[in-house]
>>> print(open('upload_7.cif').read())   # mmCIF, C-alpha atoms
data_my_file
loop_
_atom_site.label_atom_id
_atom_site.label_comp_id
_atom_site.auth_asym_id
_atom_site.auth_seq_id
_atom_site.Cartn_x
_atom_site.Cartn_y
_atom_site.Cartn_z
CA GLU A 166 -2.21 -18.94 -15.45
CA GLY A 167 0.98 -17.01 -16.15
CA GLU A 168 1.78 -13.58 -14.85
CA MET A 169 -0.89 -11.36 -13.38
CA GLU A 170 -0.54 -7.63 -12.83
CA ILE A 171 -2.88 -5.58 -10.62
CA LEU A 172 -3.04 -1.79 -10.32
CA ALA A 173 -5.14 -0.01 -7.67
CA ASP A 174 -5.30 3.01 -5.39
CA GLU A 175 -5.03 0.99 -2.17
CA GLN A 176 -4.30 -2.56 -1.02
CA ASP A 177 -5.38 -4.13 2.28
CA VAL A 178 -3.95 -7.56 3.21
CA ASP A 179 -5.74 -9.26 6.10
CA GLY A 180 -3.58 -12.13 7.32
CA GLN A 181 -6.21 -13.53 9.65
CA ALA A 182 -8.98 -13.58 7.03
CA GLY A 183 -6.57 -14.70 4.28
CA THR A 184 -7.69 -11.95 1.91
CA ALA A 185 -6.07 -9.22 -0.15
CA THR A 186 -8.42 -6.37 -1.03
CA TYR A 187 -7.68 -3.88 -3.80
CA ARG A 188 -9.70 -0.64 -3.79
CA GLY A 189 -10.08 2.23 -6.24
CA ASN A 190 -9.56 2.14 -10.05
CA VAL A 191 -8.63 -1.53 -9.95
CA GLU A 192 -7.14 -2.95 -13.15
CA ILE A 193 -6.19 -6.63 -13.54
CA ARG A 194 -4.20 -7.94 -16.48
CA GLN A 195 -3.54 -11.62 -16.93
CA GLN A 196 -2.48 -12.88 -20.35
CA ASN A 197 -5.67 -12.55 -22.46
CA LEU A 198 -7.80 -11.16 -19.66
CA LEU A 199 -8.35 -7.55 -18.66
CA ILE A 200 -10.69 -6.54 -15.81
CA TYR A 201 -11.73 -3.09 -14.55
CA ALA A 202 -13.47 -2.84 -11.15
CA ASP A 203 -13.94 -0.59 -8.11
CA GLN A 204 -12.97 -3.31 -5.61
CA VAL A 205 -11.47 -6.76 -5.90
CA VAL A 206 -11.01 -9.21 -3.02
CA PHE A 207 -8.66 -12.18 -3.48
CA PHE A 208 -9.11 -15.23 -1.25
CA GLU A 209 -6.25 -17.50 -0.17
CA ASN A 210 -6.42 -21.30 -0.27
CA GLU A 211 -4.68 -23.55 2.29
CA ASP A 212 -1.38 -23.29 0.40
CA GLY A 213 -1.40 -19.52 0.79
CA GLU A 214 -2.09 -19.01 -2.94
CA TYR A 215 -4.90 -16.69 -4.08
CA ASP A 216 -7.33 -18.85 -6.04
CA ARG A 217 -10.61 -16.91 -6.05
CA ALA A 218 -11.58 -13.29 -6.61
CA GLU A 219 -14.76 -11.32 -5.91
CA MET A 220 -15.15 -8.13 -7.90
CA ARG A 221 -17.55 -5.21 -7.51
CA GLY A 222 -18.09 -2.25 -9.77
CA GLN A 223 -20.59 0.04 -11.49
CA PRO A 224 -20.26 -2.21 -13.44
CA VAL A 225 -17.27 -4.56 -13.40
CA HIS A 226 -15.95 -4.75 -16.97
CA LEU A 227 -14.13 -7.88 -18.22
CA ILE A 228 -12.50 -8.26 -21.64
CA SER A 229 -11.24 -11.65 -22.78
CA THR A 230 -9.31 -11.98 -26.05
CA PRO A 231 -8.19 -15.63 -26.28
CA GLU A 232 -5.83 -16.43 -29.14
CA GLY A 233 -7.62 -17.53 -32.27
CA ARG A 234 -11.06 -16.96 -30.76
CA ALA A 235 -13.50 -14.10 -30.73
CA LYS A 236 -13.24 -11.35 -28.17
CA THR A 237 -15.69 -11.56 -25.25
CA GLU A 238 -16.83 -8.64 -23.13
CA ALA A 239 -18.72 -9.07 -19.86
CA PHE A 240 -20.38 -6.55 -17.54
CA ALA A 241 -22.02 -6.99 -14.13
CA HIS A 242 -22.24 -5.33 -10.73
CA PHE A 243 -20.69 -8.41 -9.10
CA MET A 244 -18.37 -11.07 -10.50
CA GLU A 245 -16.75 -14.08 -8.89
CA TYR A 246 -13.82 -15.62 -10.75
CA ASN A 247 -12.02 -18.88 -9.97
CA LEU A 248 -8.40 -18.45 -10.99
CA GLN A 249 -7.78 -22.20 -11.21
CA THR A 250 -10.83 -23.27 -13.22
CA GLU A 251 -11.33 -19.90 -14.99
CA HIS A 252 -15.03 -20.12 -14.17
CA LEU A 253 -16.84 -16.78 -14.03
CA LEU A 254 -20.09 -16.05 -12.17
CA MET A 255 -21.76 -12.70 -12.91
CA GLN A 256 -24.67 -11.17 -11.05
CA GLY A 257 -26.60 -7.88 -11.20
CA GLU A 258 -27.51 -6.63 -14.72
CA ALA A 259 -25.12 -9.19 -16.19
CA ARG A 260 -24.25 -8.91 -19.84
CA LEU A 261 -22.10 -11.05 -22.15
CA LYS A 262 -21.18 -9.81 -25.61
CA GLN A 263 -19.49 -12.07 -28.16
CA GLU A 264 -19.18 -11.10 -31.80
CA ARG A 265 -22.86 -10.85 -32.93
CA GLN A 266 -24.47 -12.19 -29.74
CA ASP A 267 -25.50 -9.96 -26.88
CA LEU A 268 -26.85 -11.85 -23.83
CA ARG A 269 -28.42 -10.07 -20.84
CA ALA A 270 -29.67 -11.69 -17.62
CA GLU A 271 -29.73 -11.25 -13.86
CA ARG A 272 -27.19 -14.06 -13.50
CA ILE A 273 -24.76 -15.53 -16.03
CA GLU A 274 -22.20 -18.29 -15.54
CA TYR A 275 -19.46 -18.41 -18.13
CA ASP A 276 -16.75 -21.05 -18.37
CA LEU A 277 -13.87 -19.39 -20.22
CA PRO A 278 -11.98 -22.53 -21.31
CA THR A 279 -15.06 -24.33 -22.73
CA GLU A 280 -17.04 -21.14 -23.51
CA ARG A 281 -20.12 -22.78 -21.95
CA ILE A 282 -22.70 -20.21 -20.81
CA ARG A 283 -25.62 -20.57 -18.40
CA ALA A 284 -27.97 -17.63 -17.86
CA SER A 285 -30.84 -17.38 -15.41
CA ARG A 286 -33.51 -14.77 -14.84
CA GLY A 287 -34.05 -12.56 -11.86
CA ASP A 288 -37.21 -12.33 -9.79
CA GLY A 289 -38.68 -9.26 -11.45
CA GLU A 290 -40.90 -9.35 -14.55
CA ASP A 291 -38.35 -7.39 -16.60
CA GLU A 292 -35.45 -9.56 -15.45
CA ARG A 293 -35.90 -12.38 -17.91
CA VAL A 294 -33.02 -13.68 -20.00
CA ARG A 295 -32.67 -11.76 -23.28
CA VAL A 296 -30.47 -12.65 -26.20
CA ARG A 297 -30.01 -10.49 -29.27
CA PHE A 298 -28.32 -11.72 -32.43
CA GLU A 299 -27.11 -9.10 -34.86
CA ARG A 300 -27.76 -10.02 -38.48
CA GLN A 301 -24.64 -10.52 -40.49
CA SER A 302 -24.08 -7.41 -42.74
CA PRO A 303 -25.26 -8.13 -46.39
CA ASP A 304 -21.80 -7.95 -48.07
CA ARG A 305 -20.40 -10.49 -45.61
CA GLU A 306 -23.45 -12.69 -46.33
CA ASN A 307 -22.64 -12.75 -50.07
CA GLY A 308 -19.07 -13.55 -49.20
CA SER A 309 -17.72 -10.33 -50.84
CA MET B 240 16.94 88.07 14.20
CA LEU B 241 20.22 87.42 12.35
CA ARG B 242 21.54 85.59 15.39
CA TRP B 243 18.46 83.20 15.33
CA LEU B 244 19.00 82.50 11.63
CA ALA B 245 22.67 81.66 12.14
CA ALA B 246 21.82 79.28 15.01
CA LEU B 247 19.24 77.49 12.86
CA LEU B 248 21.76 77.09 10.04
CA ILE B 249 24.36 75.61 12.39
CA ILE B 250 21.84 73.07 13.82
CA ALA B 251 20.72 72.02 10.28
CA ALA B 252 24.36 71.53 9.20
CA ALA B 253 25.00 69.40 12.29
CA ILE B 254 21.98 67.16 11.59
CA ILE B 255 22.95 66.65 7.94
CA SER B 256 26.53 65.71 8.77
CA LEU B 257 25.31 63.24 11.45
CA LEU B 258 23.03 61.60 8.88
CA MET B 259 25.85 61.34 6.37
CA LEU B 260 28.14 59.89 9.06
CA GLY B 261 25.53 57.23 9.91
CA GLU B 262 25.41 55.90 6.33
CA ARG B 263 29.12 55.66 5.92
CA ARG B 264 29.61 53.69 9.14
CA GLU B 265 30.83 50.13 8.28
CA PRO B 266 28.00 47.54 8.87
CA LEU B 267 28.58 45.60 12.09
CA PRO B 268 30.03 42.13 11.32
CA PRO B 269 27.41 39.32 11.79
CA PRO B 270 27.67 37.80 15.30
CA ALA B 271 29.92 34.68 15.26
CA PRO B 272 27.60 31.55 15.25
CA VAL B 273 27.53 30.01 18.72
CA GLU B 274 28.69 26.39 18.24
CA ALA B 275 25.64 24.39 19.46
CA GLU B 276 27.31 22.13 21.85
CA GLU B 277 26.54 18.54 20.68
CA GLU B 278 24.74 16.80 23.53
CA GLN B 279 26.70 13.94 25.01
CA PRO B 280 24.99 10.73 26.17
CA ASP B 281 24.96 10.14 29.90
CA TYR B 282 25.44 6.41 29.26
CA TRP B 283 25.70 3.92 26.40
CA MET B 284 25.60 0.17 26.01
CA GLU B 285 27.03 -2.26 23.50
CA SER B 286 24.85 -5.20 22.32
CA SER B 287 21.89 -3.92 24.28
CA ARG B 288 18.48 -5.58 24.69
CA ILE B 289 15.21 -4.00 25.87
CA GLU B 290 12.28 -6.30 26.66
CA ARG B 291 8.72 -5.51 27.69
CA PHE B 292 6.27 -8.02 29.21
CA ASP B 293 2.52 -8.08 29.75
CA GLU B 294 0.80 -8.75 33.06
CA ASP B 295 1.04 -12.54 32.50
CA GLY B 296 4.77 -12.32 31.95
CA GLU B 297 4.47 -12.91 28.22
CA ARG B 298 7.03 -10.94 26.27
CA LEU B 299 5.43 -8.27 24.10
CA LEU B 300 8.39 -6.36 22.75
CA LEU B 301 12.06 -7.07 22.22
CA LEU B 302 14.51 -4.39 21.04
CA ASP B 303 18.11 -5.35 20.28
CA SER B 304 20.86 -3.05 19.02
CA ASP B 305 24.60 -3.10 18.53
CA ARG B 306 24.97 0.18 20.39
CA LEU B 307 22.51 2.23 22.42
CA ALA B 308 23.25 5.76 23.63
CA HIS B 309 20.92 7.48 26.15
CA PHE B 310 20.52 11.28 26.22
CA PRO B 311 19.33 12.91 29.47
CA SER B 312 17.83 16.06 27.90
CA ASP B 313 14.71 14.26 26.69
CA GLU B 314 15.43 10.70 27.88
CA ARG B 315 15.67 9.51 24.28
CA SER B 316 17.85 6.55 23.21
CA GLU B 317 19.63 6.38 19.88
CA MET B 318 20.53 2.93 18.55
CA ARG B 319 22.57 1.37 15.79
CA GLN B 320 21.77 -1.85 13.88
CA VAL B 321 18.38 -2.31 15.43
CA ARG B 322 16.27 -5.49 15.59
CA ALA B 323 12.76 -5.27 17.00
CA GLU B 324 10.31 -8.12 17.57
CA GLN B 325 6.62 -7.78 18.31
CA ARG B 326 4.11 -10.58 18.72
CA GLY B 327 0.96 -10.70 16.61
CA PRO B 328 -2.14 -12.87 16.98
CA GLU B 329 -1.84 -16.69 17.13
CA SER B 330 1.96 -17.09 17.28
CA LEU B 331 2.46 -14.64 14.42
CA LEU B 332 5.70 -12.69 14.75
CA TRP B 333 6.66 -9.30 13.34
CA GLU B 334 10.38 -8.62 13.09
CA MET B 335 11.92 -5.31 12.03
CA HIS B 336 15.54 -4.47 11.13
CA ALA B 337 17.12 -1.06 10.48
CA GLU B 338 20.47 0.71 10.57
CA HIS B 339 19.28 3.37 13.01
CA GLY B 340 16.62 3.59 15.66
CA LEU B 341 15.47 6.34 18.01
CA VAL B 342 13.34 5.52 21.05
CA THR B 343 11.47 8.47 22.52
CA GLY B 344 11.74 9.18 26.22
CA ASP B 345 8.28 7.76 26.98
CA ARG B 346 9.10 4.69 24.86
CA SER B 347 5.89 5.17 22.86
CA LEU B 348 7.69 5.45 19.53
CA VAL B 349 10.64 3.72 17.89
CA ALA B 350 11.65 5.64 14.76
CA LEU B 351 13.53 3.28 12.44
CA SER B 352 15.54 4.49 9.44
CA GLY B 353 18.13 3.23 6.98
CA ASP B 354 17.49 0.00 4.99
CA VAL B 355 14.34 -0.80 6.97
CA ARG B 356 13.05 -4.37 6.59
CA MET B 357 9.97 -5.87 8.24
CA GLU B 358 9.11 -9.56 8.24
CA ARG B 359 5.69 -11.03 8.96
CA ARG B 360 6.51 -14.56 10.03
CA ALA B 361 3.45 -16.80 10.18
CA PRO B 362 3.39 -20.34 11.59
CA HIS B 363 2.47 -21.64 8.10
CA GLY B 364 2.83 -20.26 4.61
CA PRO B 365 5.60 -18.08 3.23
CA SER B 366 6.87 -15.04 5.15
CA THR B 367 5.91 -11.58 3.96
CA TRP B 368 8.79 -9.11 3.64
CA LEU B 369 8.43 -5.34 3.50
CA TYR B 370 11.18 -2.91 2.49
CA THR B 371 11.17 0.88 2.98
CA ASP B 372 13.38 3.82 3.98
CA SER B 373 11.87 4.76 7.33
CA LEU B 374 9.26 3.29 9.65
CA GLU B 375 7.53 4.55 12.78
CA PHE B 376 6.94 1.65 15.15
CA LEU B 377 4.50 2.25 18.03
CA PRO B 378 4.83 -0.84 20.28
CA ARG B 379 1.97 0.01 22.64
CA ASP B 380 -0.42 0.54 19.75
CA ASP B 381 0.82 -2.55 17.86
CA LEU B 382 1.28 -0.26 14.91
CA ALA B 383 3.96 0.46 12.27
CA ARG B 384 3.58 3.11 9.58
CA THR B 385 5.42 5.09 6.91
CA ASP B 386 4.64 7.57 4.14
CA ASP B 387 7.63 6.40 2.11
CA PRO B 388 7.61 4.09 -0.93
CA VAL B 389 7.15 0.46 0.11
CA ARG B 390 7.92 -2.90 -1.50
CA MET B 391 6.19 -6.04 -0.24
CA GLU B 392 7.22 -9.55 -1.23
CA ARG B 393 5.41 -12.80 -0.45
CA GLY B 394 6.24 -15.93 -2.38
CA ALA B 395 5.78 -15.15 -6.08
CA THR B 396 3.86 -11.92 -5.42
CA ILE B 397 5.57 -8.51 -5.37
CA THR B 398 3.63 -5.35 -4.53
CA THR B 399 4.92 -1.79 -4.57
CA GLY B 400 3.20 1.40 -3.47
CA ILE B 401 3.45 4.53 -1.36
CA GLY B 402 2.73 4.58 2.36
CA LEU B 403 2.09 1.67 4.74
CA HIS B 404 -0.14 1.11 7.76
CA ALA B 405 0.58 -2.16 9.58
CA ALA B 406 -1.92 -3.03 12.33
CA MET B 407 0.12 -5.82 13.86
CA ALA B 408 -2.38 -7.06 16.44
CA GLU B 409 -5.03 -7.40 13.71
CA ASP B 410 -2.50 -8.77 11.21
CA ARG B 411 -3.46 -6.15 8.61
CA LEU B 412 -1.11 -4.54 6.05
CA ILE B 413 -2.48 -1.55 4.13
CA ILE B 414 -0.52 0.05 1.29
CA LYS B 415 -2.10 3.45 0.84
CA GLN B 416 -1.38 4.71 -2.68
CA GLU B 417 -0.27 3.80 -6.18
CA VAL B 418 -0.47 0.04 -5.65
CA ARG B 419 1.04 -2.26 -8.26
CA THR B 420 1.11 -6.04 -7.76
CA ARG B 421 2.88 -8.56 -9.94
CA HIS B 422 2.09 -12.23 -9.35
CA VAL B 423 4.13 -14.74 -11.29
CA SER B 424 2.47 -18.13 -10.95
CA PRO B 425 4.65 -21.26 -11.01
CA THR B 426 3.59 -22.12 -14.58
CA ASP B 427 5.13 -18.88 -15.89
CA PRO B 428 8.82 -19.41 -16.90
CA ASN B 429 10.06 -15.79 -16.50
#
>>> encode(input="upload_7.cif", output="structure tokens")
Amino acid sequence: EGEMEILADEQDVDGQAGTATYRGNVEIRQQNLLIYADQVVFFENEDGEYDRAEMRGQPVHLISTPEGRAKTEAFAHFMEYNLQTEHLLMQGEARLKQERQDLRAERIEYDLPTERIRASRGDGEDERVRVRFERQSPDRENGS
Amino acid sequence: MLRWLAALLIIAAAIISLLMLGERREPLPPPAPVEAEEEQPDYWMESSRIERFDEDGERLLLLDSDRLAHFPSDERSEMRQVRAEQRGPESLLWEMHAEHGLVTGDRSLVALSGDVRMERRAPHGPSTWLYTDSLEFLPRDDLARTDDPVRMERGATITTGIGLHAAMAEDRLIIKQEVRTRHVSPTDPN
């Protein structure tokens, strides 16, 4: 995991609930991960370590730039992130952009280590899963 | 008629000379400042301890100090090297330390200042330590608060910010502005 830095307007630690809530202009930096949100709640496990985070925003914006791999950007109104497994659940106008692929769905699960993605539709007619692939630009196609 | 004129002239001359006299008079020296007499305590105690209990005889508050001086004018007590303990929910304990403390006459407020440290000691898990310059502790309201910069440490997590609101009975710590948290997980060498 490495070092994590969090900036926010306010922090509220609830010892009884085992949560730490960050409110207002929240920014999280952790190695190759950068997250912008309005509110982030961290949940403690039995060892007193924070191992899960729920994030809310209009939308939450996540940028992952793993070494040697393409940059990934994700957007959603709600995200849940497991700090141990690095598994990300996104809900509410979720969107996942990677190089030339742009995936939109009501719900997207994204496993950062394996890059496995699972998207599912919402209830409404216009909430189906949509994927758009951008054509490679001609000069790159001819290898020049 | 001439006599009237002469009288008028004399009066005018008198007024003018009075006015001139007034300006030249040396300004009165400022009144000597009255030395506010420093109030003396009516009693003091060394290694003092104040305890407060609830109806069931459970101790709610403990206030130790190296030296306590009591002042009759407003019934306040001034303390040195203060240690305060307040119980939280489920055997949680809050402990505060400071160089100086002032307890108001009605005992509703303990104003702590000078190297203020507060510990949240839970039955399990690491303690949380808070450091600031001054802290208002309101025992009856189970509340501690400051508007000063604050540093909070818990295990490998360090948070800094401005202003603190500690609701001790609810076990809540709120840092009010400019929050910055650094969490160094065990796998990180530095």
>>> resolve_selection(input="upload_7.cif", expression="the PyMOL selection byres ((chain B and resi 334-336) around 7)", output="PyMOL selection string")
chain B and resi 321-325+332-333+337+355-359
>>> closest_residue(input="upload_7.cif", among="A:Glu264, A:Glu251, A:Asp177, A:Asp288", to="Asp216 of chain A", atoms="all atoms listed in the file")
A:Glu251
>>> closest_atom_pairs(input="upload_7.cif", of="chain A", to="chain B", cutoff="6 Å", atoms="only C-alpha atoms", output="Markdown table")
| residue | atom | partner | partner_atom | distance |
| --- | --- | --- | --- | --- |
| A:Gly167 | CA | B:Asp427 | CA | 4.6 |
| A:Glu168 | CA | B:Val423 | CA | 4.4 |
| A:Met169 | CA | B:His422 | CA | 5.1 |
| A:Glu170 | CA | B:Arg421 | CA | 4.6 |
| A:Ile171 | CA | B:Thr420 | CA | 4.9 |
| A:Leu172 | CA | B:Arg419 | CA | 4.6 |
| A:Ala173 | CA | B:Val418 | CA | 5.1 |
| A:Asp174 | CA | B:Gln416 | CA | 5.1 |
| A:Glu175 | CA | B:Lys415 | CA | 4.9 |
| A:Gln176 | CA | B:Ile414 | CA | 5.1 |
| A:Asp177 | CA | B:Ile413 | CA | 4.3 |
| A:Val178 | CA | B:Leu412 | CA | 5.0 |
| A:Asp179 | CA | B:Arg411 | CA | 4.6 |
| A:Gly180 | CA | B:Asp410 | CA | 5.3 |
| A:Gly213 | CA | B:Gly364 | CA | 5.7 |
>>> closest_residue(input="upload_7.cif", among="B:Val342, B:Ile289, B:Leu374, B:Ala408", to="His309 of chain B", atoms="only C-alpha atoms")
B:Val342
>>> atom_distance(input="upload_7.cif", atom1="atom CA of Asp313 of chain B", atom2="atom CA of Thr371 of chain B")
27.5 Å
>>> closest_residue(input="upload_7.cif", among="B:His339, B:Arg326, B:Arg291, B:Arg298", to="Leu351 of chain B", atoms="only C-alpha atoms")
B:His339
>>> resolve_selection(input="upload_7.cif", expression="the PyMOL selection byres ((chain A and resi 256) around 8)", output="JSON, numbers by chain")
{"A": [241, 242, 243, 244, 254, 255, 257, 258, 259, 271, 272, 273]}
>>> atom_distance(input="upload_7.cif", atom1="atom CA of Glu192 of chain A", atom2="atom CA of Ser285 of chain A")
27.8 Å
>>> residues_around(input="upload_7.cif", residues="segment 217-234 of chain A", least_positions_apart="6", cutoff="7 Å", atoms="only C-alpha atoms", output="PyMOL selection string")
chain A and resi 197-208+240-248
>>> resolve_selection(input="upload_7.cif", expression="the PyMOL selection byres ((chain B and resi 305) around 12)", output="PDB file with C-alpha atoms, in the frame of the given file")
ATOM      1  CA  TRP B 283      25.700   3.920  26.400  1.00  0.00           C
ATOM      2  CA  MET B 284      25.600   0.170  26.010  1.00  0.00           C
ATOM      3  CA  GLU B 285      27.030  -2.260  23.500  1.00  0.00           C
ATOM      4  CA  SER B 286      24.850  -5.200  22.320  1.00  0.00           C
ATOM      5  CA  SER B 287      21.890  -3.920  24.280  1.00  0.00           C
ATOM      6  CA  ARG B 288      18.480  -5.580  24.690  1.00  0.00           C
ATOM      7  CA  ILE B 289      15.210  -4.000  25.870  1.00  0.00           C
ATOM      8  CA  LEU B 302      14.510  -4.390  21.040  1.00  0.00           C
ATOM      9  CA  ASP B 303      18.110  -5.350  20.280  1.00  0.00           C
ATOM     10  CA  SER B 304      20.860  -3.050  19.020  1.00  0.00           C
ATOM     11  CA  ARG B 306      24.970   0.180  20.390  1.00  0.00           C
ATOM     12  CA  LEU B 307      22.510   2.230  22.420  1.00  0.00           C
ATOM     13  CA  ALA B 308      23.250   5.760  23.630  1.00  0.00           C
ATOM     14  CA  GLU B 317      19.630   6.380  19.880  1.00  0.00           C
ATOM     15  CA  MET B 318      20.530   2.930  18.550  1.00  0.00           C
ATOM     16  CA  ARG B 319      22.570   1.370  15.790  1.00  0.00           C
ATOM     17  CA  GLN B 320      21.770  -1.850  13.880  1.00  0.00           C
ATOM     18  CA  VAL B 321      18.380  -2.310  15.430  1.00  0.00           C
ATOM     19  CA  ARG B 322      16.270  -5.490  15.590  1.00  0.00           C
ATOM     20  CA  HIS B 336      15.540  -4.470  11.130  1.00  0.00           C
ATOM     21  CA  ALA B 337      17.120  -1.060  10.480  1.00  0.00           C
ATOM     22  CA  GLU B 338      20.470   0.710  10.570  1.00  0.00           C
ATOM     23  CA  HIS B 339      19.280   3.370  13.010  1.00  0.00           C
ATOM     24  CA  GLY B 340      16.620   3.590  15.660  1.00  0.00           C
TER      25      GLY B 340
END
>>> residues_around(input="upload_7.cif", residues="Ala270 of chain A", least_positions_apart="6", cutoff="8 Å", atoms="all atoms listed in the file", output="list in words")
Glu258, Ala259, Arg260, Ala284, Ser285, Arg286, Gly287, Glu292, Arg293, Val294 and Arg295 of chain A
>>> atom_distance(input="upload_7.cif", atom1="atom CA of Arg384 of chain B", atom2="atom CA of Glu209 of chain A")
24.8 Å
>>> closest_residue(input="upload_7.cif", among="B:Asp381, B:Glu277, B:Glu392, B:Asp387", to="Leu369 of chain B", atoms="all atoms listed in the file")
B:Glu392
